[in-house]
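One structure below.
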Amino acid sequence: MRSNSSLNPLHFELTLFADLGPLRYLFFSLSLLIYATIVSANALVVLTVCLHRSLHQPMYVFVCSLSLNSLYGSAGFFPRFLVDLLSDSHLISRSWCFLQIYVISTSVAYEVMILGVMAYDRFVAICQPLHYHSKMSFKTMRRLLFSAVLYPACAFGFCLYLTLRLPLCGNKLHKLFCSNWPVVKLSCVDTTVNNLMGQFLAVTTTFLPLLFILYTYLRILLVCRRSSAELRGKALQTCLPHIVTFINFTLSIFCDLSLTRFQNGKMNPIIVVVLSLEYLIIPPINNPLVYGLNLPQIKEAIFRFLKSSAAKIQNSTCTNSKQ
């Protein structure tokens, strides 16, 4: 008869961490640099959109939402990951593990949902330009964003509740961070309900939105083929960042789902690490770079914001030196 503590372990062990020796400080520094880049780049986009009234339009609000989500998802991974890089013990408490599962899972779903809303926004702007302001009012925009957040928050909350109820026969996770399916596989009982719920969530929060995004951009391409060269150029300028982000995120999700569902214990640990970290690092860096460098309105606003901030700092320094 198993004890209650073995059925409900107080800690999980992340077994994918290796003994790096002195190299741990190098990897810690690189990871800290990546996290600082993610935070600063996404925070810059958020501040730029919030402070410039000319950017208070649906497309830029959606870009701001993507950056906020990048900050949210990164906060669920990097602080704990940085601690683990310097630690000899890679134990994470049960409560923190499930919190990390919820934050990372909802962050992925939010990203896909927001990309779907952005695809709809571009579809209306290009294919139905005369109806854009009526179909994409601020009221509609708020409803779309609220729905994009509410459904994943509730659905993954219920999924996590199903996992919390499971008695577990182990505590070793072959991961660098906590993930729902590896925890479910530790269960001592049948997990059919959890498996069905996981597949349902994968379809409704990932595959269906991705299919919708693909459909809208195919419609946009068909409309652009019949349009003038000038309209095609404008459509490409506004849609290219979305397409790049969509392709990048789709590949990231595919890698993670493949890694989670297969027996990664038999795979090369380096490949497992790369595939595990790809969707947690690349999209949060990619989003502000793609939108900041490719959308002229955001790029110009960022330069003005940085210029005004530098001028204020210089004036403040000069004032203090005179005093």
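Ordered as shown in the structure tokens, chains take letters A, B, and onward, while each chain numbers its residues from 1 and ligands are numbered from 1 in the order shown.
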Legend entry - Residues near Ile34 in chain A, cut-off 12 Å, only C-alpha atoms, skip fewer than 2 positions along chain, as a PyMOL selection string: chain A and resi 27-32+36-41+74+78-79+82+277+280-282+284-286
Take the selection from the previous step and output its residues with N, CA and C atoms, as a PDB file, in the first residue's frame.
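result.pdb was written with the following content:
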```pdb
ATOM      1  N   PHE A  27      26.107  29.676 -18.898  1.00  0.00           N
ATOM      2  CA  PHE A  27      24.718  29.494 -19.326  1.00  0.00           C
ATOM      3  C   PHE A  27      23.776  30.408 -18.550  1.00  0.00           C
ATOM      4  N   PHE A  28      24.088  30.641 -17.273  1.00  0.00           N
ATOM      5  CA  PHE A  28      23.273  31.562 -16.483  1.00  0.00           C
ATOM      6  C   PHE A  28      23.355  32.970 -17.061  1.00  0.00           C
ATOM      7  N   SER A  29      24.560  33.409 -17.414  1.00  0.00           N
ATOM      8  CA  SER A  29      24.742  34.755 -17.971  1.00  0.00           C
ATOM      9  C   SER A  29      24.021  34.907 -19.306  1.00  0.00           C
ATOM     10  N   LEU A  30      24.127  33.877 -20.167  1.00  0.00           N
ATOM     11  CA  LEU A  30      23.439  33.923 -21.458  1.00  0.00           C
ATOM     12  C   LEU A  30      21.922  33.949 -21.282  1.00  0.00           C
ATOM     13  N   SER A  31      21.427  33.134 -20.363  1.00  0.00           N
ATOM     14  CA  SER A  31      19.982  33.084 -20.111  1.00  0.00           C
ATOM     15  C   SER A  31      19.483  34.393 -19.521  1.00  0.00           C
ATOM     16  N   LEU A  32      20.277  34.983 -18.616  1.00  0.00           N
ATOM     17  CA  LEU A  32      19.899  36.270 -18.030  1.00  0.00           C
ATOM     18  C   LEU A  32      19.877  37.362 -19.096  1.00  0.00           C
ATOM     19  N   ALA A  36      16.622  39.451 -20.114  1.00  0.00           N
ATOM     20  CA  ALA A  36      16.664  40.919 -20.075  1.00  0.00           C
ATOM     21  C   ALA A  36      16.277  41.503 -21.432  1.00  0.00           C
ATOM     22  N   THR A  37      16.702  40.849 -22.520  1.00  0.00           N
ATOM     23  CA  THR A  37      16.343  41.297 -23.864  1.00  0.00           C
ATOM     24  C   THR A  37      14.844  41.175 -24.097  1.00  0.00           C
ATOM     25  N   ILE A  38      14.273  40.045 -23.688  1.00  0.00           N
ATOM     26  CA  ILE A  38      12.830  39.827 -23.842  1.00  0.00           C
ATOM     27  C   ILE A  38      12.040  40.884 -23.075  1.00  0.00           C
ATOM     28  N   VAL A  39      12.432  41.111 -21.822  1.00  0.00           N
ATOM     29  CA  VAL A  39      11.705  42.071 -20.987  1.00  0.00           C
ATOM     30  C   VAL A  39      11.819  43.483 -21.544  1.00  0.00           C
ATOM     31  N   SER A  40      13.037  43.905 -21.877  1.00  0.00           N
ATOM     32  CA  SER A  40      13.241  45.275 -22.340  1.00  0.00           C
ATOM     33  C   SER A  40      12.576  45.512 -23.698  1.00  0.00           C
ATOM     34  N   ALA A  41      12.703  44.563 -24.639  1.00  0.00           N
ATOM     35  CA  ALA A  41      12.131  44.747 -25.977  1.00  0.00           C
ATOM     36  C   ALA A  41      10.607  44.783 -25.932  1.00  0.00           C
ATOM     37  N   SER A  74       7.176  34.620 -20.155  1.00  0.00           N
ATOM     38  CA  SER A  74       8.588  34.585 -19.762  1.00  0.00           C
ATOM     39  C   SER A  74       8.748  34.619 -18.249  1.00  0.00           C
ATOM     40  N   PHE A  78      11.509  31.953 -16.899  1.00  0.00           N
ATOM     41  CA  PHE A  78      12.901  32.351 -16.723  1.00  0.00           C
ATOM     42  C   PHE A  78      13.372  32.481 -15.272  1.00  0.00           C
ATOM     43  N   PRO A  79      12.618  33.132 -14.375  1.00  0.00           N
ATOM     44  CA  PRO A  79      13.135  33.259 -12.997  1.00  0.00           C
ATOM     45  C   PRO A  79      13.480  31.918 -12.373  1.00  0.00           C
ATOM     46  N   LEU A  82      16.566  30.305 -14.186  1.00  0.00           N
ATOM     47  CA  LEU A  82      17.833  30.919 -13.780  1.00  0.00           C
ATOM     48  C   LEU A  82      18.292  30.387 -12.432  1.00  0.00           C
ATOM     49  N   LEU A 277      13.163  24.556 -25.219  1.00  0.00           N
ATOM     50  CA  LEU A 277      13.350  25.989 -24.994  1.00  0.00           C
ATOM     51  C   LEU A 277      12.951  26.838 -26.189  1.00  0.00           C
ATOM     52  N   LEU A 280       9.784  28.866 -25.938  1.00  0.00           N
ATOM     53  CA  LEU A 280       9.782  29.777 -24.789  1.00  0.00           C
ATOM     54  C   LEU A 280      10.712  30.970 -24.996  1.00  0.00           C
ATOM     55  N   ILE A 281      11.630  30.856 -25.959  1.00  0.00           N
ATOM     56  CA  ILE A 281      12.631  31.910 -26.170  1.00  0.00           C
ATOM     57  C   ILE A 281      12.429  32.650 -27.491  1.00  0.00           C
ATOM     58  N   ILE A 282      12.242  31.907 -28.588  1.00  0.00           N
ATOM     59  CA  ILE A 282      12.204  32.549 -29.902  1.00  0.00           C
ATOM     60  C   ILE A 282      11.000  33.474 -30.091  1.00  0.00           C
ATOM     61  N   PRO A 284       9.023  35.210 -27.936  1.00  0.00           N
ATOM     62  CA  PRO A 284       9.082  36.474 -27.183  1.00  0.00           C
ATOM     63  C   PRO A 284      10.141  37.446 -27.694  1.00  0.00           C
ATOM     64  N   ILE A 285      11.210  36.929 -28.320  1.00  0.00           N
ATOM     65  CA  ILE A 285      12.217  37.811 -28.924  1.00  0.00           C
ATOM     66  C   ILE A 285      11.781  38.227 -30.322  1.00  0.00           C
ATOM     67  N   ASN A 286      11.177  37.286 -31.040  1.00  0.00           N
ATOM     68  CA  ASN A 286      10.777  37.533 -32.424  1.00  0.00           C
ATOM     69  C   ASN A 286       9.698  38.613 -32.531  1.00  0.00           C
TER      70      ASN A 286
END
```
Legend entry - Selection near Leu251 in chain A, 12 Å with only C-alpha atoms, sequence-local residues under 6 positions removed, as a PyMOL selection string: chain A and resi 210+244-245+257-258+275+278-279+282-283
Quick one: write out the picked residues with N, CA, C and O atoms as a PDB file, in the first residue's frame?
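Contents of result08.pdb, as written:
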```pdb
ATOM      1  N   LEU A 210      -5.110  28.118 -35.545  1.00  0.00           N
ATOM      2  CA  LEU A 210      -4.091  28.121 -36.590  1.00  0.00           C
ATOM      3  C   LEU A 210      -4.701  27.888 -37.960  1.00  0.00           C
ATOM      4  O   LEU A 210      -4.285  28.501 -38.951  1.00  0.00           O
ATOM      5  N   VAL A 244       5.225  36.061 -40.547  1.00  0.00           N
ATOM      6  CA  VAL A 244       6.485  35.602 -39.946  1.00  0.00           C
ATOM      7  C   VAL A 244       6.241  35.074 -38.541  1.00  0.00           C
ATOM      8  O   VAL A 244       6.725  33.999 -38.160  1.00  0.00           O
ATOM      9  N   THR A 245       5.466  35.825 -37.751  1.00  0.00           N
ATOM     10  CA  THR A 245       5.159  35.401 -36.385  1.00  0.00           C
ATOM     11  C   THR A 245       4.362  34.106 -36.383  1.00  0.00           C
ATOM     12  O   THR A 245       4.614  33.206 -35.573  1.00  0.00           O
ATOM     13  N   LEU A 257       4.783  20.020 -28.985  1.00  0.00           N
ATOM     14  CA  LEU A 257       3.805  18.939 -28.918  1.00  0.00           C
ATOM     15  C   LEU A 257       4.433  17.597 -29.270  1.00  0.00           C
ATOM     16  O   LEU A 257       4.139  16.571 -28.642  1.00  0.00           O
ATOM     17  N   SER A 258       5.321  17.594 -30.258  1.00  0.00           N
ATOM     18  CA  SER A 258       6.004  16.358 -30.640  1.00  0.00           C
ATOM     19  C   SER A 258       6.877  15.860 -29.501  1.00  0.00           C
ATOM     20  O   SER A 258       6.898  14.672 -29.179  1.00  0.00           O
ATOM     21  N   LEU A 275      14.554  21.737 -28.258  1.00  0.00           N
ATOM     22  CA  LEU A 275      13.138  21.738 -28.607  1.00  0.00           C
ATOM     23  C   LEU A 275      12.282  22.251 -27.454  1.00  0.00           C
ATOM     24  O   LEU A 275      11.235  22.872 -27.674  1.00  0.00           O
ATOM     25  N   GLU A 278      12.827  26.233 -27.373  1.00  0.00           N
ATOM     26  CA  GLU A 278      12.619  27.008 -28.593  1.00  0.00           C
ATOM     27  C   GLU A 278      11.363  27.877 -28.511  1.00  0.00           C
ATOM     28  O   GLU A 278      11.394  29.073 -28.795  1.00  0.00           O
ATOM     29  N   TYR A 279      10.247  27.291 -28.081  1.00  0.00           N
ATOM     30  CA  TYR A 279       8.998  28.063 -28.105  1.00  0.00           C
ATOM     31  C   TYR A 279       8.869  28.996 -26.903  1.00  0.00           C
ATOM     32  O   TYR A 279       7.967  29.838 -26.868  1.00  0.00           O
ATOM     33  N   ILE A 282      12.242  31.907 -28.588  1.00  0.00           N
ATOM     34  CA  ILE A 282      12.204  32.549 -29.902  1.00  0.00           C
ATOM     35  C   ILE A 282      11.000  33.474 -30.091  1.00  0.00           C
ATOM     36  O   ILE A 282      11.180  34.641 -30.470  1.00  0.00           O
ATOM     37  N   PRO A 283       9.752  33.034 -29.853  1.00  0.00           N
ATOM     38  CA  PRO A 283       8.624  33.953 -30.068  1.00  0.00           C
ATOM     39  C   PRO A 283       8.682  35.236 -29.238  1.00  0.00           C
ATOM     40  O   PRO A 283       8.416  36.314 -29.787  1.00  0.00           O
TER      41      PRO A 283
END
```
Inset, instruction - Show which residues sit within 10 Å of range 137-144 of chain A, as a PyMOL selection string. Count only C-alpha atoms, and ignore same-chain residues fewer than 3 positions away. - result: chain A and resi 56-59+61-62+113-114+116-118+121+132-134+147-150
Inset, instruction - Grab the CA of Leu85 in chain A to CA of Arg24 in chain A distance for me, in Å with one decimal place. - result: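 Rounded to one decimal, the two atoms are 6.0 Å apart.
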Legend entry - DSSP-assigned helix (DSSP H, G or I) members of range 15-194 of chain A, reported as a ChimeraX atom specification: /A:23-51,53-55,58-86,94-127,129-135,138-164,180-184,192-194
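Coordinates place CA of Ile213 in chain A at a distance of 9.2 Å from CA of Val112 in chain A.
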Inset, instruction - Could you give me, as a ChimeraX atom specification, the residues within 10 Å of range 171-188 of chain A, counting only C-alpha atoms and dropping anything in the same chain fewer than 4 positions from it? - result: /A:6-17,76-78,80-81,84-85,90-92,94,96-102,104-105,156,159-160,162-167,194-195,198,257,260-261,263-265,269,272-273,276-277
Inset, instruction - Write down as a list in words the residues belonging to range 103-316 of chain A that are assigned strand (DSSP E or B) by DSSP computed on the backbone. - result: Leu168, Lys172, Leu173 and Ser187 of chain A
Only all heavy atoms, please: the residues just picked out, written as a PDB file, in the first residue's frame.
```pdb
ATOM      1  N   LEU A 168      -0.244  10.322  -7.832  1.00  0.00           N
ATOM      2  CA  LEU A 168       0.967  10.157  -8.637  1.00  0.00           C
ATOM      3  C   LEU A 168       1.888   9.113  -8.014  1.00  0.00           C
ATOM      4  O   LEU A 168       2.051   9.052  -6.797  1.00  0.00           O
ATOM      5  CB  LEU A 168       1.698  11.499  -8.768  1.00  0.00           C
ATOM      6  CG  LEU A 168       0.875  12.667  -9.317  1.00  0.00           C
ATOM      7  CD1 LEU A 168       1.723  13.933  -9.359  1.00  0.00           C
ATOM      8  CD2 LEU A 168       0.323  12.345 -10.704  1.00  0.00           C
ATOM      9  N   LYS A 172       9.535  12.386 -10.829  1.00  0.00           N
ATOM     10  CA  LYS A 172      10.610  12.765 -11.743  1.00  0.00           C
ATOM     11  C   LYS A 172      10.042  13.190 -13.098  1.00  0.00           C
ATOM     12  O   LYS A 172       9.331  12.416 -13.752  1.00  0.00           O
ATOM     13  CB  LYS A 172      11.596  11.607 -11.932  1.00  0.00           C
ATOM     14  CG  LYS A 172      12.326  11.213 -10.644  1.00  0.00           C
ATOM     15  CD  LYS A 172      13.339  10.124 -10.905  1.00  0.00           C
ATOM     16  CE  LYS A 172      14.032   9.683  -9.631  1.00  0.00           C
ATOM     17  NZ  LYS A 172      14.792  10.762  -9.008  1.00  0.00           N
ATOM     18  N   LEU A 173      10.370  14.428 -13.491  1.00  0.00           N
ATOM     19  CA  LEU A 173       9.928  14.968 -14.777  1.00  0.00           C
ATOM     20  C   LEU A 173      11.142  15.167 -15.665  1.00  0.00           C
ATOM     21  O   LEU A 173      12.060  15.896 -15.302  1.00  0.00           O
ATOM     22  CB  LEU A 173       9.206  16.306 -14.575  1.00  0.00           C
ATOM     23  CG  LEU A 173       7.993  16.308 -13.639  1.00  0.00           C
ATOM     24  CD1 LEU A 173       7.466  17.726 -13.475  1.00  0.00           C
ATOM     25  CD2 LEU A 173       6.904  15.391 -14.160  1.00  0.00           C
ATOM     26  N   SER A 187       0.800   9.350 -13.211  1.00  0.00           N
ATOM     27  CA  SER A 187      -0.383   8.921 -12.476  1.00  0.00           C
ATOM     28  C   SER A 187      -0.409   7.422 -12.218  1.00  0.00           C
ATOM     29  O   SER A 187       0.046   6.619 -13.043  1.00  0.00           O
ATOM     30  CB  SER A 187      -1.642   9.336 -13.239  1.00  0.00           C
ATOM     31  OG  SER A 187      -2.791   8.822 -12.617  1.00  0.00           O
TER      32      SER A 187
END
```
Legend entry - Coordinates-based distance that separates CA of Ala109 in chain A from CA of Pro152 in chain A (Å, one decimal):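 If I compute the distance from CA of Pro152 in chain A to CA of Ala109 in chain A, I get 6.1 Å.
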